[in-house]
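To start, the structure itself, in structure tokens.
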Amino acid sequence: MRLEIESIDIRDIRLGPKTYAKDRVLHINPKELEELLLKDGRIKSVDIHVVSPGDRVRIVNLLDVVQPRCKIDQFEADFPGFVGRLRIAGSGRTRSLRGVAVLVSNPCTKRKYSALLDMCGLAAELSKYGKMRNVSIAPYIADGTEERDFEDAVKIAGLKTAVYLALAAEGLSPDEVEVYDLDIPNLERHSSLPRIAYYYQMYSPQHDHHGIPDPCFYGTHVRDLMPTIIHPNEVLDGGAVGHHTIRSLDTYTIQNHAVIKELYRRHGEDLTFAGVVFGVANIDPIIRKRKALMAANLIKNVLGADGVIITKIHGGMPHVDVSLVGEECEKLGVKTALYTQPLISDGTLADTLLFNNEALDLVITVGATFERVKLPLEADRILGGMAKTKVFLADPVDQYAGDPIIDMEQMLIAGVHDHLGGANIIVKEY
Amino acid sequence: MAGIKLKAVHYLNQFFGGVGGEDKAEVGFSVKEGPVGPGLALQNELADRAQVAATVICGDNYFAKKPEEAANEGLGLIMPYQPDLFFAGPAFEAGRYGISCGAICKAVGQELGIPVITGMSQENPGVEMYRKDAFICKTGVSARDMRNSLQRMTQLAFRLVSGEKNMNLVLPENLPKPDDFGYFPRLILRNEYTEQTAAQRSIDKLLAKIKGEPFESEVVLPTSETVAPPPPIGDPRECEIALVSDGGLVPRGNPDGLSGRGNLRWTTYEIDDFLPEDFTSSDYEIAHTGYFPDEVLGNPSRLVPVDVVRDLVKEGEIGKLHPTFFCTSGNATVTRRCAEMGDEIGAELKRRGIDAVIFTST
């Protein structure tokens, strides 16, 4: 399976009467984009803004961030199952815009928490998106639309916007072409390089809003998915997207999956990239055990891996889940590197582990995502919500987007942490 | 800061303070102006940047018998000097001395808010007891390491008073790196920027692990204690059973202020009032962000099984339902605090003469 990602560096985005690109500047006709998004009957209206680094603006109720991407050589093939027709993602040519992102807000959300981004001040400094030029969209719910159904509509509106922006860059020549070509059936079987697989825990049902899972894979949810082998290109090219709240994980991060890209980069150099097993966290211990056994078996006896990188979704229960996958892998002789996010900011790092198994002797800390940060209000405009939009805090205190200072867990600032290993962050004892 | 000489106070035990050996370990506090014994070497390291204004001395036994009271007594002697810095020991491997140094550092640090620095070897019980409250520099086991230890303590002290922020931290603050300054980490976890992404680090380390080369885990595995299951309760018809849950079920308004995450409190509610048979869902809320609470709010017995226990009591299968429900929220709470809360709740249950407990979690 061969994927070419043609990246174009965008200098600026401007709103105007016509959508086109010139000299690395993207000109967007917001009316045309609005019309496109309003084709979805679940959306009554939509706010569209361009925000740039330094702008005194705070974007709230963030549910996703998406990198503008479109297929160049295939028709209706973008984000299959969500935007495009169902097909397998991950082959052919894809245009990707760098330095820009779509910030997707749901101003009608009733969820306890959603993410936030400031384009100025500390949050902008901490976030990779705070340094980009972004298109913020905020769709409003149409009468009679059910809450969860609308969340899907917002998600899809974000993906559609990403495709629209990438299409608008037609005519600009790519700054870089990356080739992701992994012929798994014909991998060198007798290479002396260690075979490394990747176990991708993609979803956890513990936060299913009203008990309904979020679709995040080819248009559907994966809550009951058995461990499955997928091609890494499917992840990079729109087969997988983020769930409906950002907790250090969004579509942009998945499109730029750091573990997959790093395994690709070193493939044939000091390792053989053996493939990806895709799984979900499980609440029930028997189901967890069954799936852990299956995942380990796929990794060892189907992919033939010597080692496996295991990443997890946010939360404690998924931590228990990946540790069981790791234990079963080690039992089969597959060496593991297990990612965790310490969920507390005091104690020792050992205190943060939710397993007790000597075989799991290589633990990677991707970031203490609950570390707090106090953000002074430097914005004079709030997008995606209002000054009185509630901003989540785990303490029994109410705080609002327009408060002079808000107390944020870093996982709720979009673009700071990355569960898929892309951030230059480690957790240390002090 | 240059030019202004800092004022330090130094704590020593009776031996290093020149009062006497083990036979003088019962002797209480005394104060001497200026440096004494190891304080002279400390003054040497401090050079002209700080002056050891006084040395507070106390016998090991006198102090270690009631460390908190002794620490307060010592604090009273230290405060008049209004120091900018406080040093204790180093205590090396000496247990009572280590506890004394830790306790007095804790008291001084809390009261005066100044850097408090001591030194101990890894095995000293004072390390685990006071690492949170003091900067404890790593030392050798005996006074042969005195000069090294004092150098380390002084370097750390100067760094702390400089106010210099650690710019490697995602949120920079005045926290020197434990490895650079040779002190025991103080049970604080911080996000730090690294050269390599987690993806790069993990692959490097995994390849080393596969090749059998040395690799460094970013978390050192914990040593968990094994808890033996208690003996069976005998005849449940004779038993009073209490209900305990960490699912965060609280009355609407959360009057006891349990946190939904990283909660440090537990509380109690009387079952007849809090969980009556004719409960109203809207009377409750969930102080726990780790699960979607609709099922529990729909019927709190799904979390706290009062309904079933009531039935079993009626049927005579269980002797009695204890009238008080013990409640906490267990979600990303530091395990040390969990263990403490367990001890506290356990002690209260024991005091009440409860025979058995049903724990329910989420």
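In the structure tokens, each chain is lettered A, B, ... as it comes, each chain's residues begin at 1, and ligands are numbered from 1 in order of appearance.
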As an NGL selection string, could you give me every residue of chain A near chain B (at most 8 Å apart, counting only C-alpha atoms)? :A and (126 or 194 or 206-211 or 258-259 or 262-263 or 306-309 or 315-316 or 335-337 or 343-353 or 356 or 358 or 361-368 or 371 or 373 or 394-396 or 420-430)
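Every residue of segment 308-363 of chain A found in alpha helix (DSSP H) when DSSP is run on the backbone appears here: Gly316, Met317, Pro318, His319, Val320, Asp321, Val322, Ser323, Leu324, Val325, Gly326, Glu327, Glu328, Cys329, Glu330 and Lys331 of chain A.
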Could you list, as number ranges by chain, every residue within 12 Å of Leu383 of chain A, counting only C-alpha atoms and ignoring same-chain residues fewer than 3 positions away? A: 46-51, 55-62, 103-107, 116-119, 135-139, 379-380, 386-389, 401-402
So that I can see what lies close to segment 340-345 of chain B, please list as a VMD selection string the residues with an atom at most 10 Å from it, counting only C-alpha atoms and leaving out residues fewer than 5 positions away in the same chain. chain B and resid 244 264 to 268 326 to 328 335 350 to 351
Assign secondary structure with DSSP using the backbone only, and return the residues of segment 18-228 of chain B in strand (DSSP E) as JSON, numbers by chain. {"B": [30, 31, 32, 33, 50, 51, 52, 53, 54, 55, 56, 57, 58, 85, 86, 87, 88, 89, 90, 91, 92, 116, 117, 118, 119, 120, 135, 136, 137, 138, 189, 190, 191, 192, 193]}
Would you save the residues from that selection as a JSON list (two decimals), in the first residue's frame, using N, CA and C atoms?
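Written output follows (part-v8.json):
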```json
[["chain", "number", "residue", "atom", "x", "y", "z"],
["B", 30, "SER", "N", 19.45, 23.52, 72.84],
["B", 30, "SER", "CA", 20.30, 24.65, 73.21],
["B", 30, "SER", "C", 20.63, 25.42, 71.94],
["B", 31, "VAL", "N", 21.04, 26.64, 72.10],
["B", 31, "VAL", "CA", 21.39, 27.47, 70.94],
["B", 31, "VAL", "C", 22.79, 28.04, 71.15],
["B", 32, "LYS", "N", 23.60, 27.99, 70.10],
["B", 32, "LYS", "CA", 24.90, 28.66, 70.16],
["B", 32, "LYS", "C", 24.97, 29.67, 69.02],
["B", 33, "GLU", "N", 25.51, 30.82, 69.31],
["B", 33, "GLU", "CA", 25.68, 31.82, 68.25],
["B", 33, "GLU", "C", 26.75, 31.32, 67.27],
["B", 50, "ALA", "N", 26.74, 33.87, 52.66],
["B", 50, "ALA", "CA", 25.78, 33.67, 53.75],
["B", 50, "ALA", "C", 26.53, 33.45, 55.05],
["B", 51, "GLN", "N", 25.88, 33.79, 56.12],
["B", 51, "GLN", "CA", 26.49, 33.72, 57.45],
["B", 51, "GLN", "C", 25.66, 32.78, 58.31],
["B", 52, "VAL", "N", 26.33, 31.76, 58.91],
["B", 52, "VAL", "CA", 25.61, 30.91, 59.87],
["B", 52, "VAL", "C", 25.48, 31.73, 61.15],
["B", 53, "ALA", "N", 24.28, 32.24, 61.39],
["B", 53, "ALA", "CA", 24.06, 33.15, 62.50],
["B", 53, "ALA", "C", 23.96, 32.40, 63.81],
["B", 54, "ALA", "N", 23.40, 31.20, 63.77],
["B", 54, "ALA", "CA", 23.21, 30.44, 65.00],
["B", 54, "ALA", "C", 23.15, 28.96, 64.71],
["B", 55, "THR", "N", 23.43, 28.17, 65.72],
["B", 55, "THR", "CA", 23.32, 26.72, 65.62],
["B", 55, "THR", "C", 22.37, 26.25, 66.72],
["B", 56, "VAL", "N", 21.34, 25.52, 66.31],
["B", 56, "VAL", "CA", 20.36, 24.98, 67.25],
["B", 56, "VAL", "C", 20.69, 23.51, 67.43],
["B", 57, "ILE", "N", 20.78, 23.07, 68.67],
["B", 57, "ILE", "CA", 21.27, 21.71, 68.96],
["B", 57, "ILE", "C", 20.25, 20.99, 69.85],
["B", 58, "CYS", "N", 20.07, 19.70, 69.58],
["B", 58, "CYS", "CA", 19.15, 18.94, 70.43],
["B", 58, "CYS", "C", 19.57, 17.47, 70.45],
["B", 85, "LEU", "N", 17.79, 31.15, 55.15],
["B", 85, "LEU", "CA", 18.10, 29.76, 54.78],
["B", 85, "LEU", "C", 18.14, 28.92, 56.03],
["B", 86, "PHE", "N", 17.77, 27.65, 55.89],
["B", 86, "PHE", "CA", 17.88, 26.76, 57.04],
["B", 86, "PHE", "C", 18.54, 25.46, 56.61],
["B", 87, "PHE", "N", 19.56, 25.07, 57.35],
["B", 87, "PHE", "CA", 20.23, 23.80, 57.10],
["B", 87, "PHE", "C", 20.07, 22.88, 58.30],
["B", 88, "ALA", "N", 19.99, 21.59, 58.05],
["B", 88, "ALA", "CA", 19.98, 20.63, 59.16],
["B", 88, "ALA", "C", 20.91, 19.48, 58.80],
["B", 89, "GLY", "N", 21.70, 19.05, 59.77],
["B", 89, "GLY", "CA", 22.60, 17.94, 59.55],
["B", 89, "GLY", "C", 23.79, 18.31, 58.70],
["B", 90, "PRO", "N", 24.20, 17.42, 57.78],
["B", 90, "PRO", "CA", 23.55, 16.19, 57.32],
["B", 90, "PRO", "C", 23.53, 15.06, 58.35],
["B", 91, "ALA", "N", 22.55, 14.18, 58.20],
["B", 91, "ALA", "CA", 22.34, 13.11, 59.17],
["B", 91, "ALA", "C", 22.92, 11.77, 58.69],
["B", 92, "PHE", "N", 23.34, 11.73, 57.42],
["B", 92, "PHE", "CA", 23.88, 10.48, 56.84],
["B", 92, "PHE", "C", 22.90, 9.33, 57.08],
["B", 116, "VAL", "N", 14.66, 24.98, 53.00],
["B", 116, "VAL", "CA", 15.13, 24.14, 54.11],
["B", 116, "VAL", "C", 15.86, 22.95, 53.49],
["B", 117, "ILE", "N", 17.10, 22.76, 53.90],
["B", 117, "ILE", "CA", 17.95, 21.78, 53.23],
["B", 117, "ILE", "C", 18.63, 20.90, 54.26],
["B", 118, "THR", "N", 18.55, 19.61, 54.04],
["B", 118, "THR", "CA", 19.27, 18.68, 54.89],
["B", 118, "THR", "C", 19.93, 17.63, 54.00],
["B", 119, "GLY", "N", 20.56, 16.64, 54.61],
["B", 119, "GLY", "CA", 21.22, 15.60, 53.83],
["B", 119, "GLY", "C", 21.09, 14.26, 54.53],
["B", 120, "MET", "N", 20.82, 13.21, 53.75],
["B", 120, "MET", "CA", 20.70, 11.86, 54.33],
["B", 120, "MET", "C", 21.12, 10.84, 53.29],
["B", 135, "PHE", "N", 14.21, 19.75, 51.19],
["B", 135, "PHE", "CA", 15.17, 19.30, 50.18],
["B", 135, "PHE", "C", 16.20, 18.44, 50.90],
["B", 136, "ILE", "N", 16.19, 17.16, 50.62],
["B", 136, "ILE", "CA", 17.13, 16.24, 51.27],
["B", 136, "ILE", "C", 18.19, 15.83, 50.26],
["B", 137, "CYS", "N", 19.40, 16.34, 50.45],
["B", 137, "CYS", "CA", 20.49, 15.98, 49.54],
["B", 137, "CYS", "C", 20.96, 14.55, 49.83],
["B", 138, "LYS", "N", 21.36, 13.89, 48.76],
["B", 138, "LYS", "CA", 21.86, 12.53, 48.91],
["B", 138, "LYS", "C", 23.27, 12.57, 49.48],
["B", 189, "LEU", "N", 5.37, 15.71, 40.52],
["B", 189, "LEU", "CA", 5.56, 15.31, 39.12],
["B", 189, "LEU", "C", 5.33, 16.53, 38.23],
["B", 190, "ARG", "N", 6.22, 16.69, 37.26],
["B", 190, "ARG", "CA", 6.10, 17.83, 36.37],
["B", 190, "ARG", "C", 6.35, 17.43, 34.92],
["B", 191, "ASN", "N", 5.65, 18.08, 34.02],
["B", 191, "ASN", "CA", 5.93, 17.92, 32.60],
["B", 191, "ASN", "C", 7.18, 18.71, 32.26],
["B", 192, "GLU", "N", 8.04, 18.03, 31.51],
["B", 192, "GLU", "CA", 9.32, 18.65, 31.16],
["B", 192, "GLU", "C", 9.50, 18.49, 29.64],
["B", 193, "TYR", "N", 10.08, 19.50, 29.00],
["B", 193, "TYR", "CA", 10.37, 19.37, 27.57],
["B", 193, "TYR", "C", 11.60, 18.50, 27.36]]
```
Can you tell me, as a list in words, what residues are no more than 8 Å from Gly121 of chain A when counting only C-alpha atoms, ignoring any on the same chain fewer than 3 positions away? Gly54, Asp118, Ala124, Glu125 and Glu378 of chain A
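If you look at atom CA of Ile287 of chain A and atom CA of Met226 of chain A, they are 9.6 Å away from each other.
Reported to one decimal place, the separation of atom CA of Gln67 of chain A from atom CA of Ala101 of chain A is 4.9 Å.
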Would you tabulate, counting only C-alpha atoms, all residues of segment 136-219 of chain B that have an atom at most 12 Å from an atom of segment 3-10 of chain B, showing the closest pair of atoms and their distance in Å to one decimal, sorted by chain then ascending number, as JSON lines?
```
{"residue": "B:Leu150", "atom": "CA", "partner": "B:His10", "partner_atom": "CA", "distance": 11.6}
{"residue": "B:Met153", "atom": "CA", "partner": "B:His10", "partner_atom": "CA", "distance": 11.8}
{"residue": "B:Thr154", "atom": "CA", "partner": "B:Ala8", "partner_atom": "CA", "distance": 10.9}
{"residue": "B:Ala157", "atom": "CA", "partner": "B:Ala8", "partner_atom": "CA", "distance": 10.2}
{"residue": "B:Phe158", "atom": "CA", "partner": "B:Leu6", "partner_atom": "CA", "distance": 9.9}
{"residue": "B:Val161", "atom": "CA", "partner": "B:Leu6", "partner_atom": "CA", "distance": 9.4}
{"residue": "B:Ser162", "atom": "CA", "partner": "B:Leu6", "partner_atom": "CA", "distance": 11.4}
```
Asp237 of chain A environment, 9 Å, only C-alpha atoms, sequence neighbours closer than 4 positions dropped, as a PDB file with C-alpha atoms, in the first residue's frame:
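Contents of out.pdb, as written:
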```pdb
ATOM      1  CA  LEU A   3       0.513   6.704   0.035  1.00  0.00           C
ATOM      2  CA  ILE A   5       1.370  12.993   1.107  1.00  0.00           C
ATOM      3  CA  ARG A  69      -6.346  17.325   3.487  1.00  0.00           C
ATOM      4  CA  LYS A  71      -7.285  13.235  -2.136  1.00  0.00           C
ATOM      5  CA  ASP A  78     -11.784  11.962   1.662  1.00  0.00           C
ATOM      6  CA  PHE A  79     -12.409  10.727   5.205  1.00  0.00           C
ATOM      7  CA  ALA A  89      -8.108   4.906   3.044  1.00  0.00           C
ATOM      8  CA  GLY A  90      -4.363   5.035   2.665  1.00  0.00           C
ATOM      9  CA  SER A  91      -3.344   4.731  -0.970  1.00  0.00           C
ATOM     10  CA  THR A  94      -3.127  13.248  -0.740  1.00  0.00           C
ATOM     11  CA  PRO A 232      -0.837   2.141   9.043  1.00  0.00           C
ATOM     12  CA  ASN A 233      -1.710   4.240   5.987  1.00  0.00           C
ATOM     13  CA  GLN A 255      -3.408  12.357  10.698  1.00  0.00           C
TER      14      GLN A 255
END
```
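Taking atom CA of Arg352 of chain B and atom CA of Leu303 of chain B as the two end points, the separation is 23.1 Å.
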Who sits within 9 Å of Tyr97 of chain B, only C-alpha atoms, same chain under 4 positions skipped, as a PyMOL selection string: chain B and resi 12-13+59-61+63-64+89-93+101-102+126
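The nearest approach to Ala274 of chain A among the residues A:Leu225, A:Leu298, A:Ile246, A:Ala197, with only C-alpha atoms taken into account, belongs to A:Ala197.
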